[in-house]
Amino acid sequence: AYSWYSRGMRQGFFYNRYAPPASNVESLGTETDSNVDQQLWYHQVGTKQDEDILCYAIPEQPRWMIGAEVTDDGRYALLYLEEGCDPVNRLYYVDLNKCGGVTADFSKRVVKLVDDFRAQYSYVANEGERFVIKTTLQAPRYKLVEIEKLSQAGKPDSWRDLVPEAAGGAVLESAEACQGDALLLMYMQDVKHVLQLHSLRAGKLVKKFDIEIGCISSLNSRRTESEFFFKLSGFVTPGDVYRCDLADADPVPTLYRRTEVANISPEDFVSKQVFVMSKDGTRVPMFITHKKGLKLDGSNNTLLYGYGGFNISLTPNFSAARVVYMQHLNGVYVQANMRGGGEYGEEWHKAGIHEKKQNVFDDFQACAEWLIAEGYTKPSSLTIQGGSNGGLLVGACVNQRPELFGCAIAQVGVMDMLRFHKFTIGHAWCSDFGCSDEEKGFAYLYKYSPLHNIEVPDEPGLQYPSMLLLTGDHDDRVVPLHSLKCIAELQHTLCSSPHSAQRNPILIRVDTKSGHGAGKPTDKLIEEASQLYAFMANVTGAKWHP
């Protein structure tokens, strides 16, 4: 993470970094050294990197991570300290005006505003020493609080609620300040976005914007300007950019730019949201998208995608490859919103972590069962897909319910739940998964770890679905050893045993000179997508329709 800072004609930015890995140069990008002792640095544009200033480090807490953000007025540097992927942090600050910018004594000027990990705190806006902060303190779906004077802030429990936690399950996802007294709030209600205008000073609701049902994939404003922009997208719409000027007497978002893709007509498709009852009666949202005129005769080729972890919400999003799948393979694309994500706030997230991780798998399997029961598909025509934590989801569900799926695609999955914390940044995931170094953690992790639960099915003739694992040889987040060990165990146990009925293919695709996924060049993305969908079509019997 980085944050720009300007002082006069001089510009620079804060960034965080680790020490160079101990591995030799030839293995850079494939090393598995644990990422610890993160530091916060400042780089002045136009200078050499070896002249950068070390701003902050916490050697006594090697697994903590440090990020920085400069306030809109350039006066304060805010430091966010985290100990994992759990949405909680400590909040420190430095008054840059008092120290004449970023200097070598930066760390000595740090003020610890919040010094515990009880909740999450993030900056929204400030007017001098008056601050507005977004937090989960006593508000699992987020609220806004006000610090009247930063230098006399007191304890977080004493900060006044500016915009209390919303009723009805809505989650406050984003807060953006515009010019003057304008404050934009974006809520998520049942995985659909709602946009409101509030008073920055009083917190009261001023206006609810009338926008189409969908996903606001980006919301952009500047503290010095009255206009703002947002992008509304969906499963078959790449994105419509809207503009709104709050200086107007009655501000209304108007279409500013529409992205169109040749040979794709959104009106040819239909999307709907349903709610599925999980094993324990929990109501789980799920989106279904397909071409119009679909017959519910149980024969449709269907792709069920999921993630379910790390407080991440799966919202409607555009993928050209998925539209091709729906348009030319007559496929049904389904996106499930299981527990562990952030769709309903921190309580929903915590219902799918540590010893409750099985809830996520139960939710996903319930969605698959619903699709079959409602006539959308049948097991042999149903593919499940997930990446990273979603790859873990796929691996666990295939082990637990091999008869429920015809095809399984696990991309860069976390497959070894007993050793994940020993490699690169894996230790940060203990906030969601727990840790096998602890007796309690070992017990529940071992129960579902994909690598450790591969078995020949007891039922005669039953086999695992066709499987494709994908990894990158330079993935330094979920290191490739997860997928490599898992494919070795799958092939050894299922394909070598004389007692196994396995005839469905069990394959792996190892992409060279690529990592966890972000930043892949277009040609690699096209190659991977074409091979992935070709494999799925081949094993499920999907036919190409021009």
# chains A, B, ... in the order shown; residues from 1 in each chain; ligands from 1
>>> residues_around(residues="Val110 of chain A", least_positions_apart="4", cutoff="8 Å", atoms="only C-alpha atoms", output="list in words")
Tyr92, Tyr93, Val94 and Phe106 of chain A
>>> select_by_dssp(residues="segment 33-249 of chain A", states="helix (DSSP H, G or I)", output="list of chain:residue names")
A:Gln49, A:Asp50, A:Glu51, A:Phe106, A:Ser107, A:Lys108, A:Arg109, A:Leu150, A:Ser151, A:Gln152, A:Pro156, A:Asp157, A:Ser158
>>> closest_residue(among="A:Cys486, A:Ala19, A:Ile216, A:Leu469", to="Val241 of chain A", atoms="only C-alpha atoms")
A:Ile216
>>> residues_around(residues="segment 4-14 of chain A", least_positions_apart="3", cutoff="8 Å", atoms="only C-alpha atoms", output="MDAnalysis selection string")
chainID A and resid 40:45 68:70 74 101
>>> residues_around(residues="Leu172 of chain A", least_positions_apart="3", cutoff="7 Å", atoms="only C-alpha atoms", output="JSON, numbers by chain")
{"A": [141, 142, 143, 186, 187, 188]}
>>> atom_distance(atom1="atom CA of Phe209 of chain A", atom2="atom CA of Val163 of chain A")
17.5 Å
>>> residues_around(residues="Ile213 of chain A", least_positions_apart="6", cutoff="10 Å", atoms="only C-alpha atoms", output="list in words")
Lys192, His193, Val194, Leu232, Ser233 and Gly234 of chain A
>>> write_last_selection(atoms="C-alpha atoms", output="PDB file, in the first residue's frame")
ATOM      1  CA  LYS A 192     -27.065  -4.767  -3.686  1.00  0.00           C
ATOM      2  CA  HIS A 193     -25.761  -1.236  -3.318  1.00  0.00           C
ATOM      3  CA  VAL A 194     -27.623   1.833  -2.037  1.00  0.00           C
ATOM      4  CA  LEU A 232     -22.503   0.619 -11.878  1.00  0.00           C
ATOM      5  CA  SER A 233     -21.847  -2.853 -13.264  1.00  0.00           C
ATOM      6  CA  GLY A 234     -23.403  -6.302 -13.378  1.00  0.00           C
TER       7      GLY A 234
END
>>> residues_around(residues="segment 443-455 of chain A", least_positions_apart="6", cutoff="9 Å", atoms="only C-alpha atoms", output="PyMOL selection string")
chain A and resi 354-358+392-400+414-418+433-436+482-483+485-487+489-490+493-494
>>> residues_around(residues="Ser313 of chain A", least_positions_apart="2", cutoff="10 Å", atoms="only C-alpha atoms", output="list in words")
Met188, Val191, Tyr307, Gly308, Gly309, Phe310, Asn311, Thr315, Pro316, Asn337, Met338, Arg339, Gly340, Gly341, Gly342, Glu343, Tyr344, Gly345 and His349 of chain A
>>> write_last_selection(atoms="all heavy atoms", output="compact mmCIF listing (two decimals), in the first residue's frame")
# COMPACT_ATOMS: atom_id res chain seq x y z
N MET A 188 -24.49 -1.67 1.52
CA MET A 188 -24.85 -2.92 0.86
C MET A 188 -26.05 -3.52 1.59
O MET A 188 -26.00 -3.75 2.79
CB MET A 188 -23.70 -3.92 0.85
CG MET A 188 -24.07 -5.26 0.23
SD MET A 188 -22.72 -6.45 0.23
CE MET A 188 -21.70 -5.75 -1.03
N VAL A 191 -26.64 -7.69 -0.70
CA VAL A 191 -25.66 -7.77 -1.79
C VAL A 191 -26.01 -6.84 -2.96
O VAL A 191 -25.61 -7.09 -4.10
CB VAL A 191 -25.46 -9.23 -2.28
CG1 VAL A 191 -24.06 -9.40 -2.87
CG2 VAL A 191 -25.63 -10.24 -1.16
N TYR A 307 -16.58 -18.03 -2.80
CA TYR A 307 -15.36 -17.64 -2.08
C TYR A 307 -15.53 -17.87 -0.58
O TYR A 307 -14.92 -18.74 0.00
CB TYR A 307 -15.01 -16.18 -2.38
CG TYR A 307 -13.67 -15.77 -1.82
CD1 TYR A 307 -12.50 -16.11 -2.49
CD2 TYR A 307 -13.56 -15.05 -0.63
CE1 TYR A 307 -11.26 -15.74 -1.98
CE2 TYR A 307 -12.33 -14.67 -0.12
CZ TYR A 307 -11.18 -15.03 -0.79
OH TYR A 307 -9.96 -14.68 -0.28
N GLY A 308 -16.33 -17.06 0.09
CA GLY A 308 -16.68 -17.31 1.48
C GLY A 308 -15.56 -17.16 2.48
O GLY A 308 -15.26 -18.09 3.22
N GLY A 309 -14.96 -15.97 2.54
CA GLY A 309 -13.91 -15.78 3.53
C GLY A 309 -13.36 -14.37 3.55
O GLY A 309 -13.62 -13.55 2.68
N PHE A 310 -12.61 -14.06 4.62
CA PHE A 310 -11.82 -12.84 4.75
C PHE A 310 -12.65 -11.56 4.61
O PHE A 310 -12.15 -10.54 4.16
CB PHE A 310 -10.66 -12.85 3.74
CG PHE A 310 -9.66 -13.94 4.03
CD1 PHE A 310 -9.76 -15.18 3.41
CD2 PHE A 310 -8.64 -13.73 4.94
CE1 PHE A 310 -8.86 -16.20 3.69
CE2 PHE A 310 -7.73 -14.74 5.23
CZ PHE A 310 -7.84 -15.97 4.61
N ASN A 311 -13.91 -11.64 4.98
CA ASN A 311 -14.77 -10.47 4.99
C ASN A 311 -14.95 -9.87 3.59
O ASN A 311 -15.26 -8.69 3.44
CB ASN A 311 -14.20 -9.40 5.94
CG ASN A 311 -15.23 -8.37 6.36
OD1 ASN A 311 -16.38 -8.69 6.62
ND2 ASN A 311 -14.82 -7.11 6.40
N THR A 315 -19.90 -9.45 -5.17
CA THR A 315 -20.98 -8.67 -5.75
C THR A 315 -21.07 -8.97 -7.25
O THR A 315 -20.14 -9.52 -7.84
CB THR A 315 -20.74 -7.17 -5.53
OG1 THR A 315 -19.43 -6.83 -6.03
CG2 THR A 315 -20.81 -6.82 -4.05
N PRO A 316 -22.18 -8.61 -7.89
CA PRO A 316 -22.28 -8.81 -9.35
C PRO A 316 -21.12 -8.11 -10.06
O PRO A 316 -20.85 -6.93 -9.83
CB PRO A 316 -23.62 -8.17 -9.69
CG PRO A 316 -24.44 -8.32 -8.44
CD PRO A 316 -23.45 -8.12 -7.32
N ASN A 337 -23.17 -16.36 -2.08
CA ASN A 337 -22.65 -15.44 -1.06
C ASN A 337 -22.69 -16.12 0.31
O ASN A 337 -23.58 -15.87 1.11
CB ASN A 337 -23.46 -14.15 -1.04
CG ASN A 337 -23.42 -13.41 -2.36
OD1 ASN A 337 -24.37 -13.44 -3.13
ND2 ASN A 337 -22.31 -12.77 -2.65
N MET A 338 -21.70 -16.97 0.55
CA MET A 338 -21.69 -17.75 1.78
C MET A 338 -21.19 -16.96 2.98
O MET A 338 -20.60 -15.89 2.85
CB MET A 338 -20.81 -19.00 1.61
CG MET A 338 -21.31 -19.97 0.55
SD MET A 338 -20.63 -19.53 -1.05
CE MET A 338 -18.91 -19.84 -0.78
N ARG A 339 -21.40 -17.55 4.14
CA ARG A 339 -20.82 -16.99 5.36
C ARG A 339 -19.30 -16.98 5.26
O ARG A 339 -18.71 -17.74 4.50
CB ARG A 339 -21.29 -17.79 6.58
CG ARG A 339 -22.71 -17.47 7.01
CD ARG A 339 -23.23 -18.42 8.07
NE ARG A 339 -23.63 -19.72 7.51
CZ ARG A 339 -24.22 -20.68 8.20
NH1 ARG A 339 -24.47 -20.50 9.50
NH2 ARG A 339 -24.56 -21.81 7.62
N GLY A 340 -18.67 -16.11 6.04
CA GLY A 340 -17.23 -15.90 5.91
C GLY A 340 -16.91 -14.65 5.12
O GLY A 340 -15.86 -14.05 5.28
N GLY A 341 -17.86 -14.25 4.24
CA GLY A 341 -17.70 -13.03 3.47
C GLY A 341 -18.16 -11.82 4.26
O GLY A 341 -18.46 -11.89 5.45
N GLY A 342 -18.26 -10.68 3.58
CA GLY A 342 -18.65 -9.45 4.27
C GLY A 342 -20.03 -8.95 3.90
O GLY A 342 -20.38 -7.81 4.20
N GLU A 343 -20.84 -9.81 3.26
CA GLU A 343 -22.12 -9.37 2.72
C GLU A 343 -23.09 -8.83 3.77
O GLU A 343 -23.92 -7.97 3.46
CB GLU A 343 -22.78 -10.53 1.97
CG GLU A 343 -22.13 -10.90 0.66
CD GLU A 343 -20.96 -11.86 0.78
OE1 GLU A 343 -20.53 -12.14 1.93
OE2 GLU A 343 -20.46 -12.33 -0.24
N TYR A 344 -22.98 -9.31 5.00
CA TYR A 344 -23.86 -8.83 6.07
C TYR A 344 -23.08 -8.35 7.29
O TYR A 344 -23.58 -8.37 8.40
CB TYR A 344 -24.85 -9.93 6.47
CG TYR A 344 -25.85 -10.25 5.38
CD1 TYR A 344 -25.69 -11.37 4.58
CD2 TYR A 344 -26.96 -9.43 5.15
CE1 TYR A 344 -26.60 -11.67 3.58
CE2 TYR A 344 -27.87 -9.72 4.15
CZ TYR A 344 -27.68 -10.84 3.36
OH TYR A 344 -28.59 -11.13 2.36
N GLY A 345 -21.84 -7.95 7.06
CA GLY A 345 -21.07 -7.39 8.15
C GLY A 345 -20.21 -8.41 8.90
O GLY A 345 -20.07 -9.57 8.48
N HIS A 349 -19.23 -12.57 8.68
CA HIS A 349 -17.85 -12.99 8.48
C HIS A 349 -17.42 -14.00 9.55
O HIS A 349 -16.91 -15.08 9.23
CB HIS A 349 -16.93 -11.76 8.52
CG HIS A 349 -15.48 -12.07 8.60
ND1 HIS A 349 -14.63 -11.45 9.49
CD2 HIS A 349 -14.71 -12.97 7.93
CE1 HIS A 349 -13.41 -11.92 9.35
NE2 HIS A 349 -13.42 -12.85 8.41
>>> select_by_dssp(residues="segment 313-440 of chain A", states="strand (DSSP E or B)", output="mmCIF file with N, CA, C and O atoms, in the first residue's frame")
data_model
loop_
_atom_site.group_PDB
_atom_site.id
_atom_site.type_symbol
_atom_site.label_atom_id
_atom_site.label_comp_id
_atom_site.auth_asym_id
_atom_site.auth_seq_id
_atom_site.Cartn_x
_atom_site.Cartn_y
_atom_site.Cartn_z
ATOM 1 N N VAL A 332 -25.312 -21.637 -17.384
ATOM 2 C CA VAL A 332 -25.937 -20.881 -16.301
ATOM 3 C C VAL A 332 -24.831 -20.515 -15.319
ATOM 4 O O VAL A 332 -24.136 -21.398 -14.809
ATOM 5 N N TYR A 333 -24.652 -19.209 -15.088
ATOM 6 C CA TYR A 333 -23.624 -18.785 -14.135
ATOM 7 C C TYR A 333 -24.288 -18.440 -12.808
ATOM 8 O O TYR A 333 -25.249 -17.660 -12.754
ATOM 9 N N VAL A 334 -23.747 -19.006 -11.731
ATOM 10 C CA VAL A 334 -24.325 -18.834 -10.402
ATOM 11 C C VAL A 334 -23.228 -18.371 -9.444
ATOM 12 O O VAL A 334 -22.121 -18.921 -9.426
ATOM 13 N N GLN A 335 -23.541 -17.356 -8.650
ATOM 14 C CA GLN A 335 -22.586 -16.822 -7.678
ATOM 15 C C GLN A 335 -23.208 -16.849 -6.290
ATOM 16 O O GLN A 335 -24.236 -16.224 -6.047
ATOM 17 N N ALA A 336 -22.578 -17.591 -5.388
ATOM 18 C CA ALA A 336 -23.112 -17.778 -4.037
ATOM 19 C C ALA A 336 -22.419 -16.848 -3.051
ATOM 20 O O ALA A 336 -21.221 -16.584 -3.163
ATOM 21 N N LEU A 382 -22.899 -29.992 -13.404
ATOM 22 C CA LEU A 382 -22.605 -28.911 -12.471
ATOM 23 C C LEU A 382 -21.106 -28.797 -12.216
ATOM 24 O O LEU A 382 -20.465 -29.758 -11.780
ATOM 25 N N THR A 383 -20.563 -27.618 -12.484
ATOM 26 C CA THR A 383 -19.155 -27.313 -12.207
ATOM 27 C C THR A 383 -19.076 -26.338 -11.038
ATOM 28 O O THR A 383 -19.860 -25.394 -10.952
ATOM 29 N N ILE A 384 -18.127 -26.570 -10.141
ATOM 30 C CA ILE A 384 -17.859 -25.597 -9.081
ATOM 31 C C ILE A 384 -16.480 -25.002 -9.313
ATOM 32 O O ILE A 384 -15.566 -25.675 -9.798
ATOM 33 N N GLN A 385 -16.354 -23.720 -8.956
ATOM 34 C CA GLN A 385 -15.103 -22.999 -9.201
ATOM 35 C C GLN A 385 -14.836 -22.027 -8.070
ATOM 36 O O GLN A 385 -15.760 -21.422 -7.513
ATOM 37 N N GLY A 386 -13.566 -21.873 -7.740
ATOM 38 C CA GLY A 386 -13.155 -20.891 -6.744
ATOM 39 C C GLY A 386 -11.658 -20.698 -6.801
ATOM 40 O O GLY A 386 -10.921 -21.582 -7.264
ATOM 41 N N GLY A 387 -11.192 -19.535 -6.347
ATOM 42 C CA GLY A 387 -9.769 -19.249 -6.363
ATOM 43 C C GLY A 387 -9.260 -18.797 -5.010
ATOM 44 O O GLY A 387 -9.967 -18.137 -4.255
ATOM 45 N N CYS A 407 -17.771 -31.495 -12.236
ATOM 46 C CA CYS A 407 -16.471 -30.886 -12.543
ATOM 47 C C CYS A 407 -16.114 -29.917 -11.430
ATOM 48 O O CYS A 407 -16.992 -29.255 -10.869
ATOM 49 N N ALA A 408 -14.825 -29.829 -11.120
ATOM 50 C CA ALA A 408 -14.348 -28.924 -10.062
ATOM 51 C C ALA A 408 -13.084 -28.229 -10.529
ATOM 52 O O ALA A 408 -12.146 -28.885 -10.994
ATOM 53 N N ILE A 409 -13.076 -26.908 -10.416
ATOM 54 C CA ILE A 409 -11.923 -26.108 -10.833
ATOM 55 C C ILE A 409 -11.443 -25.302 -9.632
ATOM 56 O O ILE A 409 -12.158 -24.437 -9.125
ATOM 57 N N ALA A 410 -10.235 -25.601 -9.173
ATOM 58 C CA ALA A 410 -9.660 -24.935 -7.997
ATOM 59 C C ALA A 410 -8.437 -24.145 -8.435
ATOM 60 O O ALA A 410 -7.423 -24.729 -8.830
ATOM 61 N N GLN A 411 -8.527 -22.827 -8.368
ATOM 62 C CA GLN A 411 -7.454 -21.957 -8.814
ATOM 63 C C GLN A 411 -6.659 -21.430 -7.623
ATOM 64 O O GLN A 411 -7.226 -20.898 -6.671
#
>>> closest_residue(among="A:Val510, A:Leu532, A:Val124, A:Met326", to="Ser265 of chain A", atoms="only C-alpha atoms")
A:Met326
>>> atom_distance(atom1="atom CA of Gln491 of chain A", atom2="atom CA of Ser466 of chain A")
11.7 Å
>>> closest_residue(among="A:Ile133, A:Leu150, A:Cys99, A:Ile211", to="Glu176 of chain A", atoms="only C-alpha atoms")
A:Ile133
>>> closest_residue(among="A:Ala22, A:Val171, A:Leu113, A:Val261", to="Ser151 of chain A", atoms="only C-alpha atoms")
A:Leu113
